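Visitor: Got a structure for you, my_file13.cif, holding mmCIF, C-alpha atoms.
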```cif
data_protein
#
loop_
_atom_site.label_atom_id
_atom_site.label_comp_id
_atom_site.auth_asym_id
_atom_site.auth_seq_id
_atom_site.Cartn_x
_atom_site.Cartn_y
_atom_site.Cartn_z
CA MET E 1 -18.29 -13.23 16.02
CA THR E 2 -20.52 -10.20 16.21
CA HIS E 3 -19.49 -6.71 15.26
CA GLU E 4 -19.61 -5.66 18.92
CA SER E 5 -17.37 -8.50 20.06
CA LEU E 6 -14.43 -7.55 17.91
CA SER E 7 -11.44 -6.82 20.12
CA VAL E 8 -8.65 -4.57 18.90
CA PRO E 9 -5.06 -5.03 20.02
CA ALA E 10 -4.66 -1.40 21.03
CA PRO E 11 -3.08 -0.12 24.21
CA ALA E 12 -4.83 2.32 26.50
CA GLY E 13 -2.57 5.05 25.18
CA ILE E 14 0.84 5.52 23.71
CA GLY E 15 3.43 3.52 25.61
CA PHE E 16 6.73 4.71 27.03
CA PHE E 17 8.75 3.33 24.12
CA GLU E 18 6.42 4.72 21.47
CA LYS E 19 6.23 8.13 23.15
CA TRP E 20 10.00 8.51 23.08
CA LEU E 21 10.58 6.65 19.83
CA SER E 22 12.27 9.62 18.15
CA ALA E 23 14.69 9.86 21.10
CA TRP E 24 15.57 6.17 20.83
CA ILE E 25 16.06 6.50 17.09
CA ALA E 26 18.29 9.54 17.58
CA ALA E 27 20.39 7.58 20.11
CA ALA E 28 20.59 4.65 17.68
CA ILE E 29 21.75 7.02 14.94
CA VAL E 30 24.60 8.27 17.12
CA ALA E 31 25.51 4.71 18.13
CA GLY E 32 25.52 3.59 14.50
CA ILE E 33 27.78 6.43 13.38
CA VAL E 34 30.19 5.66 16.22
CA LEU E 35 30.13 1.92 15.45
CA GLY E 36 30.90 2.55 11.79
CA ALA E 37 33.89 4.68 12.79
CA VAL E 38 35.39 2.38 15.44
CA ALA E 39 34.55 -1.06 13.99
CA PRO E 40 34.38 -0.83 10.19
CA GLY E 41 35.51 -4.43 9.84
CA LEU E 42 32.58 -5.76 11.88
CA VAL E 43 30.09 -3.62 10.01
CA GLY E 44 31.54 -4.73 6.68
CA ALA E 45 31.27 -8.38 7.71
CA LEU E 46 27.60 -7.93 8.62
CA ALA E 47 26.95 -6.24 5.30
CA GLY E 48 28.47 -9.20 3.48
CA LEU E 49 25.97 -11.71 4.89
CA GLU E 50 23.62 -11.64 1.90
CA ILE E 51 21.56 -14.10 -0.12
CA ALA E 52 19.85 -12.91 -3.32
CA SER E 53 20.43 -9.25 -2.36
CA VAL E 54 18.78 -9.81 1.03
CA ASN E 55 20.95 -9.00 4.03
CA LEU E 56 20.37 -11.83 6.53
CA PRO E 57 20.97 -9.94 9.81
CA VAL E 58 18.62 -7.16 8.70
CA ALA E 59 16.03 -9.67 7.44
CA ILE E 60 15.93 -11.26 10.90
CA LEU E 61 15.61 -7.87 12.59
CA ILE E 62 12.83 -6.78 10.23
CA TRP E 63 10.94 -10.00 10.87
CA ALA E 64 11.21 -9.33 14.60
CA MET E 65 9.54 -5.96 13.97
CA VAL E 66 6.89 -7.06 11.49
CA PHE E 67 5.69 -10.42 12.81
CA PRO E 68 3.89 -9.19 15.98
CA MET E 69 1.90 -6.73 13.85
CA MET E 70 0.79 -9.49 11.51
CA VAL E 71 -0.41 -11.66 14.39
CA ASN E 72 -2.69 -8.77 15.39
CA VAL E 73 -4.43 -8.65 11.99
CA ASP E 74 -7.89 -10.21 12.29
CA PHE E 75 -9.16 -11.23 8.87
CA ALA E 76 -12.52 -12.17 10.39
CA SER E 77 -13.11 -8.43 10.72
CA LEU E 78 -13.30 -8.18 6.93
CA ARG E 79 -16.92 -9.38 7.08
CA HIS E 80 -17.71 -5.90 8.46
CA VAL E 81 -16.05 -4.12 5.55
CA GLY E 82 -19.36 -2.59 4.44
CA ASP E 83 -20.57 -1.41 7.84
CA LYS E 84 -19.07 2.10 7.53
CA PRO E 85 -18.26 2.43 3.84
CA LYS E 86 -17.48 6.15 3.74
CA GLY E 87 -14.49 5.91 6.06
CA LEU E 88 -13.15 2.86 4.28
CA VAL E 89 -13.53 4.48 0.85
CA LEU E 90 -11.54 7.49 2.09
CA THR E 91 -8.88 5.22 3.58
CA VAL E 92 -8.40 3.25 0.37
CA VAL E 93 -8.43 6.31 -1.89
CA VAL E 94 -6.00 8.32 0.24
CA ASN E 95 -3.62 5.42 0.97
CA TRP E 96 -3.45 3.91 -2.49
CA LEU E 97 -4.59 6.49 -5.05
CA VAL E 98 -3.22 9.70 -3.52
CA LYS E 99 -0.46 9.24 -0.96
CA PRO E 100 2.15 7.30 -3.02
CA PHE E 101 1.86 9.77 -5.89
CA THR E 102 2.00 12.95 -3.82
CA MET E 103 5.06 11.59 -1.99
CA ALA E 104 6.77 10.83 -5.30
CA ALA E 105 5.88 14.29 -6.64
CA LEU E 106 7.24 16.03 -3.54
CA ALA E 107 10.40 13.91 -3.61
CA VAL E 108 11.08 14.81 -7.24
CA LEU E 109 10.24 18.49 -6.68
CA PHE E 110 12.64 18.86 -3.78
CA PHE E 111 15.53 16.60 -4.78
CA GLU E 112 15.59 17.18 -8.52
CA TYR E 113 14.83 20.90 -8.40
CA LEU E 114 14.76 22.79 -5.09
CA PHE E 115 17.63 20.90 -3.44
CA ALA E 116 19.54 20.16 -6.65
CA PRO E 117 22.42 22.56 -5.83
CA LEU E 118 22.90 20.88 -2.43
CA ILE E 119 22.74 17.17 -3.34
CA ASP E 120 24.70 14.99 -5.74
CA PRO E 121 22.28 13.80 -8.50
CA ALA E 122 22.96 10.11 -7.79
CA ASP E 123 22.28 10.60 -4.09
CA ALA E 124 19.14 12.57 -4.91
CA GLN E 125 17.73 9.61 -6.84
CA GLN E 126 18.35 7.38 -3.84
CA TYR E 127 16.54 9.73 -1.49
CA ILE E 128 13.64 9.92 -3.92
CA ALA E 129 13.43 6.13 -3.96
CA GLY E 130 13.38 5.93 -0.17
CA LEU E 131 10.60 8.52 0.06
CA ILE E 132 8.57 6.63 -2.55
CA LEU E 133 8.88 3.44 -0.49
CA LEU E 134 7.59 5.28 2.58
CA GLY E 135 4.71 6.78 0.64
CA ALA E 136 3.59 3.40 -0.68
CA ALA E 137 3.50 1.70 2.73
CA PRO E 138 0.55 2.81 4.94
CA CYS E 139 0.69 2.13 8.66
CA THR E 140 -0.48 -1.21 10.07
CA ALA E 141 0.45 -1.26 13.76
CA MET E 142 0.89 2.18 15.27
CA VAL E 143 -2.49 3.22 13.87
CA PHE E 144 -4.07 1.23 16.72
CA VAL E 145 -2.29 3.59 19.12
CA TRP E 146 -3.31 6.73 17.26
CA SER E 147 -6.90 5.51 16.98
CA GLN E 148 -7.07 4.79 20.70
CA MET E 149 -5.65 8.23 21.55
CA THR E 150 -8.43 9.92 19.56
CA ARG E 151 -11.06 7.53 20.93
CA GLY E 152 -11.61 6.19 17.44
CA ASP E 153 -13.93 3.32 16.60
CA PRO E 154 -11.83 0.22 17.37
CA ASN E 155 -13.86 -2.03 15.09
CA TYR E 156 -13.39 0.33 12.16
CA THR E 157 -9.64 0.58 12.83
CA LEU E 158 -9.36 -3.21 12.80
CA VAL E 159 -11.22 -3.47 9.49
CA GLN E 160 -9.13 -0.62 8.10
CA VAL E 161 -5.81 -2.31 8.93
CA SER E 162 -6.95 -5.70 7.62
CA VAL E 163 -8.10 -4.20 4.31
CA ASN E 164 -4.85 -2.26 3.95
CA ASP E 165 -2.76 -5.37 4.54
CA ILE E 166 -4.67 -7.31 1.89
CA ILE E 167 -4.29 -4.47 -0.62
CA MET E 168 -0.58 -4.16 0.24
CA VAL E 169 0.08 -7.75 -0.77
CA PHE E 170 -1.05 -7.01 -4.33
CA ALA E 171 -0.53 -3.26 -4.81
CA PHE E 172 2.76 -2.40 -3.07
CA ALA E 173 5.15 -3.86 -5.65
CA PRO E 174 3.36 -2.52 -8.77
CA ILE E 175 2.98 1.00 -7.31
CA VAL E 176 6.62 1.13 -6.18
CA ALA E 177 7.82 -0.18 -9.54
CA LEU E 178 5.67 2.35 -11.41
CA LEU E 179 6.87 5.32 -9.38
CA LEU E 180 10.51 4.28 -9.39
CA GLY E 181 10.25 3.86 -13.16
CA VAL E 182 8.75 7.33 -13.52
CA THR E 183 11.77 8.76 -11.72
CA ASP E 184 14.11 6.81 -14.03
CA ILE E 185 15.35 4.45 -11.33
CA VAL E 186 16.03 0.92 -12.56
CA VAL E 187 13.70 -1.49 -10.77
CA PRO E 188 15.12 -4.95 -9.97
CA TRP E 189 11.79 -6.76 -10.14
CA GLU E 190 13.10 -10.03 -8.70
CA THR E 191 14.42 -8.27 -5.61
CA LEU E 192 11.25 -6.20 -5.22
CA LEU E 193 8.97 -9.24 -5.43
CA LEU E 194 11.26 -11.18 -3.09
CA SER E 195 11.04 -8.32 -0.57
CA VAL E 196 7.24 -8.28 -0.78
CA ALA E 197 7.14 -12.03 -0.22
CA LEU E 198 9.61 -11.90 2.67
CA TYR E 199 8.23 -8.89 4.51
CA ILE E 200 4.49 -8.94 3.69
CA VAL E 201 3.20 -12.26 2.41
CA ILE E 202 5.14 -14.72 4.57
CA PRO E 203 4.78 -12.76 7.84
CA LEU E 204 1.08 -12.21 7.12
CA VAL E 205 0.45 -15.93 6.52
CA ALA E 206 2.60 -16.91 9.51
CA GLY E 207 0.82 -14.36 11.70
CA ALA E 208 -2.60 -15.64 10.61
CA LEU E 209 -1.61 -19.23 11.42
CA VAL E 210 -0.24 -18.31 14.85
CA ARG E 211 -3.33 -16.21 15.57
CA ALA E 212 -5.64 -19.07 14.62
CA CYS E 213 -3.63 -21.44 16.82
CA LEU E 214 -3.79 -19.08 19.83
CA ILE E 215 -7.53 -18.52 19.46
CA GLY E 216 -8.11 -22.23 18.93
CA ARG E 217 -6.29 -23.10 22.14
CA ALA E 218 -8.49 -20.64 23.99
CA ASN E 219 -11.57 -22.52 22.69
CA GLY E 220 -13.18 -19.26 21.62
CA ARG E 221 -12.93 -17.73 25.09
CA GLY E 222 -10.38 -15.06 25.66
CA GLY E 223 -8.89 -15.64 22.23
CA GLU E 224 -8.08 -11.97 21.68
CA ALA E 225 -6.59 -11.77 25.17
CA ALA E 226 -4.31 -14.69 24.29
CA VAL E 227 -3.25 -12.94 21.09
CA SER E 228 -2.54 -9.71 22.97
CA ALA E 229 -0.52 -11.56 25.62
CA PHE E 230 1.50 -13.34 22.93
CA THR E 231 2.32 -10.13 21.03
CA ALA E 232 3.16 -8.37 24.31
CA LYS E 233 5.81 -11.03 24.92
CA LEU E 234 7.25 -10.38 21.48
CA LYS E 235 7.36 -6.60 21.90
CA PRO E 236 10.91 -6.50 23.38
CA ALA E 237 12.19 -8.38 20.33
CA SER E 238 10.37 -5.93 18.07
CA VAL E 239 11.94 -2.97 19.87
CA VAL E 240 15.41 -4.50 19.66
CA GLY E 241 14.87 -5.21 15.97
CA LEU E 242 14.00 -1.60 15.21
CA ILE E 243 16.87 -0.09 17.20
CA ALA E 244 19.43 -2.60 15.90
CA THR E 245 18.34 -1.98 12.30
CA VAL E 246 18.79 1.77 12.71
CA VAL E 247 22.21 1.24 14.29
CA LEU E 248 23.31 -0.89 11.33
CA LEU E 249 21.97 1.56 8.76
CA PHE E 250 23.78 4.50 10.28
CA ALA E 251 26.93 2.49 10.78
CA PHE E 252 27.07 2.36 6.98
CA GLN E 253 25.84 5.91 6.48
CA GLY E 254 28.15 7.53 9.03
CA ASN E 255 30.65 8.95 6.56
CA VAL E 256 27.89 10.41 4.38
CA ILE E 257 26.16 12.06 7.32
CA LEU E 258 29.32 13.45 8.89
CA ALA E 259 30.29 14.91 5.53
CA ASN E 260 26.83 16.44 5.01
CA PRO E 261 24.69 16.50 8.18
CA LEU E 262 22.24 18.78 6.38
CA VAL E 263 20.98 15.76 4.44
CA ILE E 264 18.81 14.63 7.38
CA VAL E 265 17.00 17.99 7.40
CA LEU E 266 16.60 17.96 3.61
CA ILE E 267 14.97 14.52 3.68
CA ALA E 268 12.71 15.52 6.57
CA ILE E 269 11.24 18.59 4.79
CA PRO E 270 9.20 16.78 2.06
CA LEU E 271 8.23 14.14 4.62
CA LEU E 272 6.76 16.78 6.92
CA ILE E 273 4.86 18.46 4.08
CA GLN E 274 3.52 15.09 2.93
CA SER E 275 2.44 14.02 6.42
CA TYR E 276 0.51 17.16 7.30
CA GLY E 277 -0.89 17.49 3.79
CA ILE E 278 -2.25 13.93 3.66
CA PHE E 279 -3.77 14.24 7.13
CA PHE E 280 -5.64 17.44 6.38
CA LEU E 281 -6.80 16.14 3.00
CA ALA E 282 -8.35 13.03 4.55
CA TYR E 283 -9.59 14.83 7.68
CA PHE E 284 -11.42 17.62 5.87
CA ALA E 285 -12.75 15.24 3.21
CA ALA E 286 -14.21 13.13 6.03
CA ARG E 287 -15.77 16.23 7.59
CA ALA E 288 -17.27 17.34 4.28
CA TRP E 289 -18.67 13.83 3.73
CA LYS E 290 -20.18 13.87 7.24
CA VAL E 291 -18.12 10.92 8.46
CA PRO E 292 -18.35 10.67 12.28
CA PHE E 293 -15.26 11.73 14.22
CA ASN E 294 -14.49 8.26 15.63
CA VAL E 295 -14.07 7.05 12.04
CA ALA E 296 -12.68 10.24 10.50
CA ALA E 297 -9.73 10.52 12.91
CA PRO E 298 -8.34 6.98 12.38
CA CYS E 299 -9.06 7.34 8.66
CA ALA E 300 -6.84 10.45 8.44
CA LEU E 301 -4.16 9.12 10.78
CA ILE E 302 -3.59 5.82 8.98
CA GLY E 303 -2.86 7.71 5.78
CA THR E 304 -0.38 9.97 7.56
CA SER E 305 1.55 7.24 9.35
CA ASN E 306 3.85 4.81 7.51
CA PHE E 307 4.68 1.12 7.67
CA PHE E 308 8.31 2.15 8.04
CA GLU E 309 9.50 -1.38 8.89
CA LEU E 310 8.47 -2.53 5.42
CA ALA E 311 9.92 0.57 3.75
CA VAL E 312 13.27 0.09 5.50
CA ALA E 313 13.40 -3.60 4.59
CA VAL E 314 12.59 -3.06 0.91
CA ALA E 315 15.00 -0.12 0.64
CA ILE E 316 17.79 -2.30 1.97
CA GLY E 317 16.83 -5.17 -0.33
CA LEU E 318 16.61 -3.00 -3.44
CA PHE E 319 19.45 -0.57 -2.89
CA GLY E 320 21.63 -1.89 -0.07
CA LEU E 321 22.36 -1.14 3.57
CA ASN E 322 24.55 1.86 2.77
CA SER E 323 22.15 3.41 0.27
CA GLY E 324 20.55 6.81 0.39
CA ALA E 325 17.17 5.09 -0.01
CA ALA E 326 17.66 3.20 3.26
CA LEU E 327 18.75 6.43 4.94
CA ALA E 328 15.60 8.23 3.77
CA THR E 329 13.33 5.54 5.20
CA VAL E 330 15.01 5.81 8.60
CA VAL E 331 14.58 9.59 8.62
CA GLY E 332 10.91 8.78 8.17
CA VAL E 333 11.00 6.87 11.46
CA LEU E 334 12.72 9.81 13.14
CA VAL E 335 10.06 12.39 12.24
CA GLU E 336 6.96 10.20 12.43
CA VAL E 337 6.17 10.12 16.15
CA PRO E 338 6.39 13.90 16.82
CA VAL E 339 4.26 14.53 13.73
CA MET E 340 1.64 11.95 14.71
CA LEU E 341 1.40 13.21 18.29
CA SER E 342 0.82 16.75 17.02
CA LEU E 343 -1.95 15.52 14.70
CA VAL E 344 -3.57 13.46 17.45
CA ALA E 345 -3.67 16.63 19.57
CA PHE E 346 -5.16 18.60 16.68
CA ALA E 347 -7.82 15.97 16.06
CA ASN E 348 -8.83 15.87 19.70
CA ARG E 349 -9.10 19.69 19.83
CA THR E 350 -11.34 19.74 16.74
CA ARG E 351 -13.62 16.85 17.70
CA HIS E 352 -16.51 19.30 17.93
CA TRP E 353 -16.26 19.96 14.19
CA PHE E 354 -17.94 16.62 13.59
CA ALA E 355 -21.51 15.60 14.27
#
```
What is this file in structure tokens?

Guide:
Amino acid sequence: MTHESLSVPAPAGIGFFEKWLSAWIAAAIVAGIVLGAVAPGLVGALAGLEIASVNLPVAILIWAMVFPMMVNVDFASLRHVGDKPKGLVLTVVVNWLVKPFTMAALAVLFFEYLFAPLIDPADAQQYIAGLILLGAAPCTAMVFVWSQMTRGDPNYTLVQVSVNDIIMVFAFAPIVALLLGVTDIVVPWETLLLSVALYIVIPLVAGALVRACLIGRANGRGGEAAVSAFTAKLKPASVVGLIATVVLLFAFQGNVILANPLVIVLIAIPLLIQSYGIFFLAYFAARAWKVPFNVAAPCALIGTSNFFELAVAVAIGLFGLNSGAALATVVGVLVEVPVMLSLVAFANRTRHWFA
């Protein structure tokens, strides 16, 4: 496979569902709160379906979200990892050496100090944990959309996602454990490692096997088209998985939110600061390093966006469905799309800044 023949599973632009994702999430939040109020017995029964601290209904829903993304990862693209080293260096540094730590610092600053009079200390620790999980999980799927919308280099984006997924397998658990330990949150290592295996390693291996099978059946011709067609068929299940997960989370969180609706805004504030801060850090670093725009834009956007499916799954596994950590990760979903669309627009308006 030549560098030019790499095909990226990116749509022509943001789809209808993605464009209105925040609206769907908001509707799911309302539905979850209502469900928790009118059918607490059903919600309690679903919460009780656990094995080794893993909620089975949520595990199935998370798999429905994650698996199509993993099928799209092309490890053959890793042979081109050195073709545009500057952009990749920025991606790795921002995603793994900066972003998790700035998110943890902002979470501690706001919830242990600035918001301390407004939040119970135990709840504050939960929100900090959820924000840390978001900060340690860089985007894998939606970055294809953001890259396409800025006319980014599709080959670079594919390499970028593949490298991030490989790093995530080994780095996610240690970074999360380190940062949770710094904030004095007890880390259940067995549950954390189980979550990484369930929601990163196994889906990644399964996705690679399915991808190889699809390309093999195509006999090398139209292999990427076969992969795209397969993941397109799975997209409805992925959408249902996301919405159903949010409904379940807010079914458990309904009482907390109704008692203190301000909590959603409080969680969103450090997330917004982190998102815009990380984008501008990567974007201006790329400009200063004379990285071309079609690499600089995806490089900055992947650091800004989050692999929220993984963050939600691990938050539930570590802290439970009705935890503040799980709530914080879902707020991340709520604010992500408007933020990313605004940054895509900014990048496109400043294209001329780059050679």

Visitor: Run the PyMOL selection byres ((chain E and resi 183-190) around 9) mentally over the shown coordinates, then write out the matched residues as a compact mmCIF listing (two decimals) with C-alpha atoms, keeping the file's coordinate frame, using the chain letters and numbers from the document.

Guide:
```txt
# COMPACT_ATOMS: atom_id res chain seq x y z
CA ALA E 104 6.77 10.83 -5.30
CA VAL E 108 11.08 14.81 -7.24
CA GLN E 125 17.73 9.61 -6.84
CA GLN E 126 18.35 7.38 -3.84
CA ILE E 128 13.64 9.92 -3.92
CA ALA E 129 13.43 6.13 -3.96
CA ALA E 173 5.15 -3.86 -5.65
CA VAL E 176 6.62 1.13 -6.18
CA ALA E 177 7.82 -0.18 -9.54
CA LEU E 178 5.67 2.35 -11.41
CA LEU E 179 6.87 5.32 -9.38
CA LEU E 180 10.51 4.28 -9.39
CA GLY E 181 10.25 3.86 -13.16
CA VAL E 182 8.75 7.33 -13.52
CA THR E 191 14.42 -8.27 -5.61
CA LEU E 192 11.25 -6.20 -5.22
CA LEU E 193 8.97 -9.24 -5.43
CA LEU E 194 11.26 -11.18 -3.09
CA SER E 195 11.04 -8.32 -0.57
CA LEU E 318 16.61 -3.00 -3.44
```

Visitor: Using only C-alpha atoms, can you tell me which of E:Leu327, E:Leu321, E:Ala345, E:Ser228 comes closest to Leu46 of chain E?

Guide: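 Smallest separation from Leu46 of chain E among the options: E:Leu321.
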
Visitor: Using all atoms listed in the file, which residue out of E:Tyr156, E:Tyr276, E:Phe293, E:Trp96 lies closest to Pro338 of chain E?

Guide: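 Comparing E:Tyr156, E:Tyr276, E:Phe293, E:Trp96 against Pro338 of chain E, the winner is E:Tyr276.
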
Visitor: Please report the interatomic distance between atom CA of Met70 of chain E and atom CA of Val196 of chain E in Å with one decimal.

Guide: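 Pair atom CA of Met70 of chain E / atom CA of Val196 of chain E returns 13.9 Å.
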
Visitor: Please, what distance in Å, to one decimal, runs between atom CA of Ala244 of chain E and atom CA of Val58 of chain E?

Guide: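 Separation between atom CA of Ala244 of chain E and atom CA of Val58 of chain E: 8.6 Å.
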
Visitor: Given the PyMOL selection byres ((chain E and resi 64) around 9) and the file above, list the residues it selects as a short mmCIF file (atom, residue, chain, number, x, y, z; two decimals) with C-alpha atoms, keeping the file's coordinate frame.

Guide:
```cif
data_model
loop_
_atom_site.label_atom_id
_atom_site.label_comp_id
_atom_site.auth_asym_id
_atom_site.auth_seq_id
_atom_site.Cartn_x
_atom_site.Cartn_y
_atom_site.Cartn_z
CA ALA E 59 16.03 -9.67 7.44
CA ILE E 60 15.93 -11.26 10.90
CA LEU E 61 15.61 -7.87 12.59
CA ILE E 62 12.83 -6.78 10.23
CA TRP E 63 10.94 -10.00 10.87
CA MET E 65 9.54 -5.96 13.97
CA VAL E 66 6.89 -7.06 11.49
CA PHE E 67 5.69 -10.42 12.81
CA PRO E 68 3.89 -9.19 15.98
CA LEU E 234 7.25 -10.38 21.48
CA LYS E 235 7.36 -6.60 21.90
CA ALA E 237 12.19 -8.38 20.33
CA SER E 238 10.37 -5.93 18.07
CA VAL E 239 11.94 -2.97 19.87
CA VAL E 240 15.41 -4.50 19.66
CA GLY E 241 14.87 -5.21 15.97
CA LEU E 242 14.00 -1.60 15.21
#
```

Visitor: Any idea what the distance is between atom CA of Ala259 of chain E and atom CA of Gly41 of chain E?

Guide: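 Rounded to one decimal, the two atoms are 20.5 Å apart.
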
Visitor: Given the choices E:Ala297, E:Val71, E:Ala124, E:Ile200, which gets closest to Thr350 of chain E if the distance is worked out from only C-alpha atoms?

Guide: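 Counting only C-alpha atoms, the residue closest to Thr350 of chain E is E:Ala297.
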